[in-house]
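Asker: Handing you this structure, nothing more for now.
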Amino acid sequence: MKHVSMAGLSEMQRYWLITGSVGPRPIALVTSLDADGLCNAAPFSAFNYMGEDPPLFAIAVVAYGQESHRPGEAKDTLRNIREHEEFVVNMVDESIVDQAVQCGSDFPAHVSEAEAVGFTLAPCTAVRVPRIAEAPISWECRLFRILDISTQRAIVFGEILAMNFRDDLLDEKALRVDVGRFAPVGRLGGPNYCLTGERRRIPVPTYMPATGQPRE
Ligand SMILES: Cc1cc2nc3c(=O)[nH]c(=O)nc-3n(C[C@H](O)[C@H](O)[C@H](O)COP(=O)(O)O)c2cc1C
């Protein structure tokens with residue numbers, strides 16, 4: 001094993017080691033509205049669900065870095081969420097991953113990324129922010145809390161108010177997602193992604209010494 005201490009490393013060195021270790025990460029393509037009603041779209045892979053009661057998830061947002069033409073500036077997504085307290089998380093699958101990643105370019109604030117990459121916007125029910133019509137699943141969300149870690153980074157906790165599913169993805173009777181049909185793309189370190197077509201089913205055995213049967 002090779003041991004690396006975080007102490008003394010630069011922010012970017014930590015970034016590459018951390019994001020190279022945590023994968024595949026789901027990608028939230030977040031739509032939000034600015035003060036003029038322009039729809040912004042940006043991907044975030046520091047993203048995961050945090051609970052069911054309330055239905056919570058978290059996204060970590062860092063200010064634009066030195067590689068951008070907007071270094072130090074807050075991301076449009078964070079500014080819009082602070083201002084309007086509502087947004088939409090659009091899940092990214094194989095069919096939209098290329099466009100979703102293009103939305104991660106440092107477009108100027110007055111450009112709608114969704115429009116620039118050819119996405120269609122569709123109205124939501126619980127929030128004024130539109131969703132991406134091509135996304136297989138989208139969550140209509142309101143801001144739960146923002147944890148400001150520093151002037152440059154914040155963790156946004158969102159509460160899911162409602163969800164939209166492509167028709168074939170929701171088993172309405174069981175109220176479950178048909179995971180066999182959902183093909184999310186995972187982010188690995190840097191510009192590396194993985195497809196999720198190859199599956200294994202691994203039930204957790206219930207500890208029942210009498211039968212030793214795995215639970216359904
Ligand atoms: C796949 C992918 C995942 C990303 N994940 C994050 C993230 O978790 N946090 C973050 O601050 N930026 C992340 N970015 C960068 C933002 O998407 C990018 O800075 C974007 O331009 C922000 O747009 P906005 O200013 O419209 O909010 C990611 C980019 C890509 C392509």
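Simple scheme: letters A, B, ... for chains in structure tokens order, numbers from 1 for residues in each chain, numbers from 1 for ligands in the order shown.
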Taking only C-alpha atoms and all ligand atoms into account, report as a ChimeraX atom specification which residues have an atom no farther than 8 Å from an atom of ligand 1.

Answerer: /A:27-28,40-47,59-64,74-79,100-109,113,153,187,191

Asker: Neighbours of Arg142 in chain A within 9 Å (only C-alpha atoms; same-chain residues fewer than 4 positions away dropped), as a ChimeraX atom specification?

Answerer: /A:81,84-88,127,157-161

Asker: Do you know which residues are at most 8 Å from Phe119 in chain A counting only C-alpha atoms, after dropping those on the same chain fewer than 4 positions away, and could you put them as a list in words?

Answerer: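 Within the cut-off, the hits are Gln99, Ala114, Glu115, Ile132, Ala133 and Glu134 of chain A.
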
Asker: Can you tell me, as an MDAnalysis selection string, what residues are no more than 7 Å from Trp139 in chain A when counting only C-alpha atoms, ignoring any on the same chain fewer than 4 positions away?

Answerer: chainID A and resid 88:90 160 162:164

Asker: For Thr31 in chain A, which residue out of A:Gly72, A:Gly180, A:Pro130, A:Gly8 is the nearest one, using only C-alpha atoms?

Answerer: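 Going through A:Gly72, A:Gly180, A:Pro130, A:Gly8 one by one, the smallest distance to Thr31 in chain A is for A:Pro130.
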
Asker: Using DSSP on the backbone, list every residue of range 64-152 of chain A that comes out as strand (DSSP E), and give them as a PyMOL selection string.

Answerer: chain A and resi 86-91+121-122+131-132+137-148

Asker: So how many Å separate CA of Gly37 in chain A and CA of Asn80 in chain A, to one decimal?

Answerer: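 Computing the Euclidean distance for CA of Gly37 in chain A and CA of Asn80 in chain A yields 10.0 Å.
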
Asker: Tell me, which residues of range 86-156 of chain A carry DSSP helix (DSSP H, G or I), written as a list in words?

Answerer: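 Selection result, helix (DSSP H, G or I) within range 86-156 of chain A: Val97, Asp98, Gln99, Ala100, Val101, Gln102, Glu113, Ala114, Glu115 and Ala116 of chain A.
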
Asker: Let's have the selection written as a compact mmCIF listing (two decimals), in the first residue's frame, with N, CA, C and O atoms.

Answerer:
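Once written, again.txt looks like this:
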# COMPACT_ATOMS: atom_id res chain seq x y z
N VAL A 97 -25.77 12.11 -21.51
CA VAL A 97 -24.54 12.43 -20.77
C VAL A 97 -23.64 13.42 -21.52
O VAL A 97 -23.04 14.32 -20.91
N ASP A 98 -23.56 13.31 -22.84
CA ASP A 98 -22.67 14.22 -23.56
C ASP A 98 -23.13 15.67 -23.43
O ASP A 98 -22.33 16.57 -23.16
N GLN A 99 -24.43 15.86 -23.61
CA GLN A 99 -24.97 17.23 -23.47
C GLN A 99 -24.84 17.72 -22.02
O GLN A 99 -24.54 18.89 -21.78
N ALA A 100 -25.07 16.82 -21.07
CA ALA A 100 -24.99 17.21 -19.65
C ALA A 100 -23.57 17.68 -19.31
O ALA A 100 -23.39 18.67 -18.61
N VAL A 101 -22.56 16.96 -19.83
CA VAL A 101 -21.18 17.34 -19.54
C VAL A 101 -20.85 18.68 -20.19
O VAL A 101 -20.17 19.53 -19.60
N GLN A 102 -21.36 18.90 -21.40
CA GLN A 102 -21.15 20.21 -22.05
C GLN A 102 -21.70 21.35 -21.21
O GLN A 102 -21.17 22.46 -21.24
N GLU A 113 -27.44 27.26 -20.60
CA GLU A 113 -26.71 26.07 -21.06
C GLU A 113 -27.66 25.07 -21.70
O GLU A 113 -27.32 24.42 -22.69
N ALA A 114 -28.84 24.93 -21.11
CA ALA A 114 -29.81 23.95 -21.61
C ALA A 114 -30.10 24.23 -23.08
O ALA A 114 -30.11 23.31 -23.91
N GLU A 115 -30.32 25.50 -23.37
CA GLU A 115 -30.61 25.89 -24.75
C GLU A 115 -29.37 25.69 -25.62
O GLU A 115 -29.46 25.15 -26.73
N ALA A 116 -28.21 26.10 -25.12
CA ALA A 116 -26.97 26.03 -25.89
C ALA A 116 -26.65 24.60 -26.32
O ALA A 116 -26.11 24.39 -27.41

Asker: A:Pro26, A:Pro184, A:Gly190, A:Pro136: which is nearest Phe165 in chain A, counting only C-alpha atoms?

Answerer: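 When distances to Phe165 in chain A are compared using only C-alpha atoms, the smallest one comes from A:Pro136.
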
Asker: When you draw a straight line from CA of Arg145 in chain A to CA of Leu33 in chain A, how long is it in Å?

Answerer: 18.0 Å

Asker: Quick one: of A:Trp16, A:Gly189, A:Met91, A:Leu169, who's nearest to Glu140 in chain A, counting only C-alpha atoms?

Answerer: A:Met91

Asker: Just the number, please: distance in Å from CA of Glu83 in chain A to CA of Ser68 in chain A, one decimal.

Answerer: 23.3 Å

Asker: Just the residues within 10 Å of Leu38 in chain A, please, counting only C-alpha atoms, with nothing from its chain fewer than 6 positions along; format it as a list of chain:residue names.

Answerer: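 Here the answer would be A:Ser32, A:Ala109, A:His110, A:Val111, A:Ser112, A:Glu113, A:Val129.
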
Asker: Next, dump the selected residues to file, keeping only N, CA and C atoms, as a compact mmCIF listing (two decimals), in the first residue's frame.

Answerer:
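Saved result, out.txt, follows:
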# COMPACT_ATOMS: atom_id res chain seq x y z
N SER A 32 -31.94 25.70 -12.66
CA SER A 32 -32.33 26.75 -11.71
C SER A 32 -32.62 28.01 -12.52
N ALA A 109 -22.89 33.94 -17.34
CA ALA A 109 -24.15 33.78 -16.60
C ALA A 109 -25.38 34.02 -17.48
N HIS A 110 -25.26 34.87 -18.52
CA HIS A 110 -26.46 35.22 -19.31
C HIS A 110 -26.79 34.18 -20.39
N VAL A 111 -25.99 33.10 -20.46
CA VAL A 111 -26.26 32.06 -21.46
C VAL A 111 -27.01 30.90 -20.80
N SER A 112 -28.08 30.44 -21.42
CA SER A 112 -28.79 29.27 -20.92
C SER A 112 -28.12 28.03 -21.49
N GLU A 113 -27.44 27.26 -20.60
CA GLU A 113 -26.71 26.07 -21.06
C GLU A 113 -27.66 25.07 -21.70
N VAL A 129 -39.19 26.28 -11.53
CA VAL A 129 -38.02 25.97 -12.36
C VAL A 129 -38.37 24.85 -13.35

Asker: Counting only C-alpha atoms, which residue out of A:Lys2, A:Arg82, A:Arg14, A:Arg200 sits closest to Ile155 in chain A?

Answerer: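 Checking each of A:Lys2, A:Arg82, A:Arg14, A:Arg200 against Ile155 in chain A, counting only C-alpha atoms, the winner is A:Arg82.
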